[in-house]
Structures are given as C-alpha cells and as structure tokens.
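Asker: The structure's right below; bear with me while I get my questions together.
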Amino acid sequence: MESSQLQEYAGRAGLVRPSILWDPLSPGGRAAALDAERWIYPASTIKTPLAAAALLLVARGERALEERRPVSPANFTLNDAPSPIEPGYMASLDELCRYAVDRSDNVATNELFDRLGRERATSIVREELGLEATGFYRKLSGSDPLITDPEWDGEHRNAHPVRDAARLFRAIAERRFPGAALLEGWLAAQRWNDKLSLGLAPGDRFAHKTGDTSEVTHDGGILTTGDGRRAALVVYTEMPSTPENNARFGTFMRLLRDEAFRDAP
C-alpha cells in the first residue's frame, strides 16, 4: 500500500482533505500514511486515549476502576444518544471509560477530565504510549453554547492526530499496556457504526471510535478480517458529519480493504 493509493481511494470516495494512516498488524506489513501528522480537531476520537490514560493510572495504583464518585452537574452537556448518567450518580471509573468509548458519552468524558486531571492524563499517554502530539485541554460540548470549563487555558484545543491514533490502536491490538484488552472490548462494542464499518466484508470485525462535529467527521480502529488478518486504520476528514458524508467512509473502506488484502497470505 502506498500513500498515492490512499489519496486515490479517498478521492474516489469523495473524502475532503483527509488525513489517513493504514498500518497492517502483521510481520512484514508496511504502513501507508497520507498527511498523518496534520492537526485536525479530533472531536470524540480523543476519548480513546483518555480511557487509555485512565487504565495506565490504574496500573500505577493512582486510580482504581471500581472507585465511585458522584457525577458533577457541571459536566452535563448534550449527546447524540441520551446519557445513562444523571447528576449525582455514583459512577465508577470503569463505567465512565466504557460509556466514553462505546457510547461516545460526553458527560462521562468530562467527568474523566476531572478525575484524571488533564495535565496528568496528557503526560502519561505521552510517556507510556509515545502519543507525543496528543493533549487533553478542553471538556466536550454537545451543542452551543460550549460547556463552562474554568480549567481550560483559553488557548489550546484537544489534540490527537491520525499518527498518534494509529499508534494507540497498534498498542491496544498488541496488548502493550495493562488494560489494553479491556479497551479493545469497549471499542468493539461501539454503537456508532455508520462510517468505515459500512465497508466491512462478511466476517470482518472493527473495534473503533468515531468523532463528529459540524466541521469534521472521523473514524478509526482495529480491523480484523474473517480469516484473522489485522490492521489499524484511521481516517480524519475536514467535512461536516452528515449521513451522506459519513457513508463515503464505507466506500473508502471497501476500496482499501479489497486492495490491501488482495494478495496477502
């Protein structure tokens, strides 16, 4: 696979200003990237490294998955689906991570910002996972006006470029850190499957995380084919998230998957 092929398939699918990384998770597999370092607002894809940060802190004994605290009313905002969390609910760290990933729940995510600390979460994913360009800076909002966030520095926006996202998915697939299997399980239970998942072949599985705003639409995760071949794939675009635009991801996945595994053993 070459970057020129990624560009060709993206063009045929109608993806606008894409940032893409394809990384076969097999010996001898060669990764292909297209503008993979460019900063694009990550939207909800930031939730995967945030959950990874929680698991790393648990492994260090700084947090516990079973610890429960009341969810602050200040962290409430809209979601694409109703949140299972109500103000004052005694949520465990495990629940918050799971809801943030498999439901893309903004309330759970904002509560994780408070419990982990955005500076601590940023430092641990950079130190332990090599996500050098990833940073947690501002809580998420489901609509305007944006949620009040007194700890935001007023300048930085969340960062998790495609290169870092693919690196994290490889680390998850290869079980490089404690809790990676748990995190892949949350990704596999993803309820939002209207993008790259549309291009899967029968028997394929895709453990993934999407991101959506009125300006960007993204998807990325770990592809496992019916015959057991695996790859990390991340696609960010600077297109608004609409049903029509999201369906373009499925076209891209079909083109890429058919070519990438055409002659693979």
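Naming scheme: A, B, ... for chains in displayed order of the structure tokens; residues 1 onward per chain; ligands 1 onward as shown.
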List the spatial neighbours of range 54-56 of chain A as a ChimeraX atom specification - criterion: any atom at most 7 Å away, only C-alpha atoms, same-chain residues fewer than 4 positions off excluded.

Answerer: /A:50,60,116,178-179

Asker: List every residue of range 54-102 of chain A that has an atom at most 12 Å from any atom of range 138-146 of chain A, giving for each one its closest atom pair and the distance in Å to one decimal, counting only C-alpha atoms, sorted by chain and then by ascending residue number, as JSON lines.

Answerer:
```
{"residue": "A:Ala74", "atom": "CA", "partner": "A:Lys139", "partner_atom": "CA", "distance": 10.7}
{"residue": "A:Asn75", "atom": "CA", "partner": "A:Lys139", "partner_atom": "CA", "distance": 8.2}
{"residue": "A:Phe76", "atom": "CA", "partner": "A:Ser141", "partner_atom": "CA", "distance": 8.5}
{"residue": "A:Thr77", "atom": "CA", "partner": "A:Gly142", "partner_atom": "CA", "distance": 5.6}
{"residue": "A:Leu78", "atom": "CA", "partner": "A:Gly142", "partner_atom": "CA", "distance": 4.3}
{"residue": "A:Asn79", "atom": "CA", "partner": "A:Gly142", "partner_atom": "CA", "distance": 5.5}
{"residue": "A:Asp80", "atom": "CA", "partner": "A:Gly142", "partner_atom": "CA", "distance": 7.7}
{"residue": "A:Ala81", "atom": "CA", "partner": "A:Gly142", "partner_atom": "CA", "distance": 10.4}
{"residue": "A:Pro82", "atom": "CA", "partner": "A:Gly142", "partner_atom": "CA", "distance": 11.3}
{"residue": "A:Ser83", "atom": "CA", "partner": "A:Gly142", "partner_atom": "CA", "distance": 11.4}
{"residue": "A:Ala100", "atom": "CA", "partner": "A:Leu140", "partner_atom": "CA", "distance": 11.1}
```

Asker: How would the residues just chosen look if you wrote them out with N, CA and C atoms as a PDB file, in the first residue's frame?

Answerer:
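Below is the file out-v2.pdb, written as the result:
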```
ATOM      1  N   ALA A  74     -21.954  20.034  36.680  1.00  0.00           N
ATOM      2  CA  ALA A  74     -21.219  20.935  35.789  1.00  0.00           C
ATOM      3  C   ALA A  74     -20.709  20.235  34.538  1.00  0.00           C
ATOM      4  N   ASN A  75     -20.698  18.900  34.549  1.00  0.00           N
ATOM      5  CA  ASN A  75     -20.167  18.157  33.404  1.00  0.00           C
ATOM      6  C   ASN A  75     -21.231  17.728  32.405  1.00  0.00           C
ATOM      7  N   PHE A  76     -22.450  18.183  32.607  1.00  0.00           N
ATOM      8  CA  PHE A  76     -23.526  17.742  31.738  1.00  0.00           C
ATOM      9  C   PHE A  76     -23.624  18.598  30.476  1.00  0.00           C
ATOM     10  N   THR A  77     -23.800  17.891  29.355  1.00  0.00           N
ATOM     11  CA  THR A  77     -23.981  18.505  28.046  1.00  0.00           C
ATOM     12  C   THR A  77     -24.727  17.505  27.186  1.00  0.00           C
ATOM     13  N   LEU A  78     -25.121  17.902  25.999  1.00  0.00           N
ATOM     14  CA  LEU A  78     -25.881  17.015  25.135  1.00  0.00           C
ATOM     15  C   LEU A  78     -25.003  15.911  24.548  1.00  0.00           C
ATOM     16  N   ASN A  79     -25.659  14.810  24.159  1.00  0.00           N
ATOM     17  CA  ASN A  79     -25.026  13.683  23.485  1.00  0.00           C
ATOM     18  C   ASN A  79     -25.862  13.308  22.274  1.00  0.00           C
ATOM     19  N   ASP A  80     -25.269  12.521  21.368  1.00  0.00           N
ATOM     20  CA  ASP A  80     -26.040  12.027  20.233  1.00  0.00           C
ATOM     21  C   ASP A  80     -27.111  11.034  20.670  1.00  0.00           C
ATOM     22  N   ALA A  81     -26.893  10.391  21.810  1.00  0.00           N
ATOM     23  CA  ALA A  81     -27.902   9.500  22.409  1.00  0.00           C
ATOM     24  C   ALA A  81     -28.039   9.896  23.870  1.00  0.00           C
ATOM     25  N   PRO A  82     -29.184   9.675  24.489  1.00  0.00           N
ATOM     26  CA  PRO A  82     -29.355  10.048  25.889  1.00  0.00           C
ATOM     27  C   PRO A  82     -28.283   9.415  26.772  1.00  0.00           C
ATOM     28  N   SER A  83     -27.739  10.210  27.675  1.00  0.00           N
ATOM     29  CA  SER A  83     -26.712   9.700  28.574  1.00  0.00           C
ATOM     30  C   SER A  83     -27.339   8.805  29.642  1.00  0.00           C
ATOM     31  N   ALA A 100     -17.675   6.486  27.728  1.00  0.00           N
ATOM     32  CA  ALA A 100     -16.982   7.446  26.870  1.00  0.00           C
ATOM     33  C   ALA A 100     -16.600   6.808  25.540  1.00  0.00           C
TER      34      ALA A 100
END
```

Asker: Please return, as a CSV table (one decimal) with C-alpha atoms, in the first residue's frame, all residues of range 1-215 of chain A that DSSP assigns to alpha helix (DSSP H) on the basis of the backbone.

Answerer:
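The new file out25.csv reads:
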```
chain,number,residue,atom,x,y,z
A,3,SER,CA,0.2,7.0,0.1
A,4,SER,CA,-0.7,7.6,-3.6
A,5,GLN,CA,-3.2,4.7,-3.3
A,6,LEU,CA,-4.7,6.2,-0.1
A,7,GLN,CA,-5.1,9.5,-2.0
A,8,GLU,CA,-6.7,7.8,-5.0
A,9,TYR,CA,-9.2,5.8,-2.8
A,10,ALA,CA,-10.1,8.9,-0.8
A,11,GLY,CA,-10.7,10.9,-4.0
A,12,ARG,CA,-12.9,8.1,-5.4
A,13,ALA,CA,-14.9,8.0,-2.1
A,47,LYS,CA,-12.0,9.7,24.2
A,48,THR,CA,-9.9,6.6,23.3
A,49,PRO,CA,-6.6,7.9,24.6
A,50,LEU,CA,-8.4,9.4,27.6
A,51,ALA,CA,-9.6,5.9,28.5
A,52,ALA,CA,-6.1,4.6,27.9
A,53,ALA,CA,-4.8,7.2,30.4
A,54,ALA,CA,-7.2,6.0,33.0
A,55,LEU,CA,-6.1,2.4,32.6
A,56,LEU,CA,-2.4,3.4,32.8
A,57,LEU,CA,-3.1,5.3,36.0
A,58,VAL,CA,-5.0,2.3,37.4
A,59,ALA,CA,-1.9,0.1,36.6
A,93,LEU,CA,-14.2,4.9,36.8
A,94,ASP,CA,-14.8,1.7,34.8
A,95,GLU,CA,-18.3,2.9,33.8
A,96,LEU,CA,-17.0,6.3,32.8
A,97,CYS,CA,-14.4,4.9,30.5
A,98,ARG,CA,-16.8,2.4,28.9
A,99,TYR,CA,-19.5,5.0,28.3
A,100,ALA,CA,-17.0,7.4,26.9
A,101,VAL,CA,-15.8,4.8,24.4
A,102,ASP,CA,-18.7,2.6,23.4
A,106,ASN,CA,-19.7,13.5,26.6
A,107,VAL,CA,-20.8,13.6,30.3
A,108,ALA,CA,-18.6,10.6,31.1
A,109,THR,CA,-15.7,12.1,29.2
A,110,ASN,CA,-16.0,15.4,31.1
A,111,GLU,CA,-16.1,13.6,34.4
A,112,LEU,CA,-12.9,11.7,33.3
A,113,PHE,CA,-11.2,15.1,32.7
A,114,ASP,CA,-11.9,16.0,36.4
A,115,ARG,CA,-11.0,12.6,37.9
A,116,LEU,CA,-7.8,12.0,35.9
A,118,ARG,CA,-5.9,16.8,32.1
A,119,GLU,CA,-2.2,17.5,32.6
A,120,ARG,CA,-1.7,14.1,34.3
A,121,ALA,CA,-3.6,12.3,31.5
A,122,THR,CA,-1.6,14.1,28.8
A,123,SER,CA,1.7,13.3,30.4
A,124,ILE,CA,1.1,9.6,30.9
A,125,VAL,CA,-0.1,8.9,27.4
A,126,ARG,CA,3.0,10.7,26.1
A,127,GLU,CA,5.4,9.0,28.4
A,128,GLU,CA,3.9,5.4,28.3
A,129,LEU,CA,2.4,5.2,24.8
A,162,VAL,CA,-4.0,10.4,13.0
A,163,ARG,CA,-0.4,9.3,13.6
A,164,ASP,CA,-1.0,9.1,17.3
A,165,ALA,CA,-4.4,7.4,16.9
A,166,ALA,CA,-2.9,4.6,14.8
A,167,ARG,CA,-0.1,4.2,17.2
A,168,LEU,CA,-2.6,3.8,20.0
A,169,PHE,CA,-4.6,1.2,18.1
A,170,ARG,CA,-1.5,-0.8,17.4
A,171,ALA,CA,-0.6,-0.7,21.1
A,172,ILE,CA,-4.1,-1.9,22.0
A,173,ALA,CA,-4.0,-4.7,19.5
A,180,ALA,CA,-5.5,-2.9,26.5
A,181,ALA,CA,-7.8,-5.9,26.1
A,182,LEU,CA,-10.5,-4.2,28.2
A,183,LEU,CA,-10.2,-1.1,26.0
A,184,GLU,CA,-10.4,-3.1,22.8
A,185,GLY,CA,-13.6,-4.7,24.2
A,186,TRP,CA,-15.1,-1.3,24.7
A,187,LEU,CA,-14.1,-0.3,21.1
A,188,ALA,CA,-15.6,-3.5,19.7
```

Asker: For the structure I just gave you, how does DSSP split range 42-167 of chain A - specifically, which residues are strand (DSSP E)? Reply as JSON, numbers by chain.

Answerer: {"A": [68, 69, 70, 90, 91, 92]}

Asker: Which of these residues is nearest to Phe252 in chain A, using only C-alpha atoms: A:Pro240, A:Gly14, A:Pro161, A:Pro70?

Answerer: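 The closest residue to Phe252 in chain A is A:Gly14.
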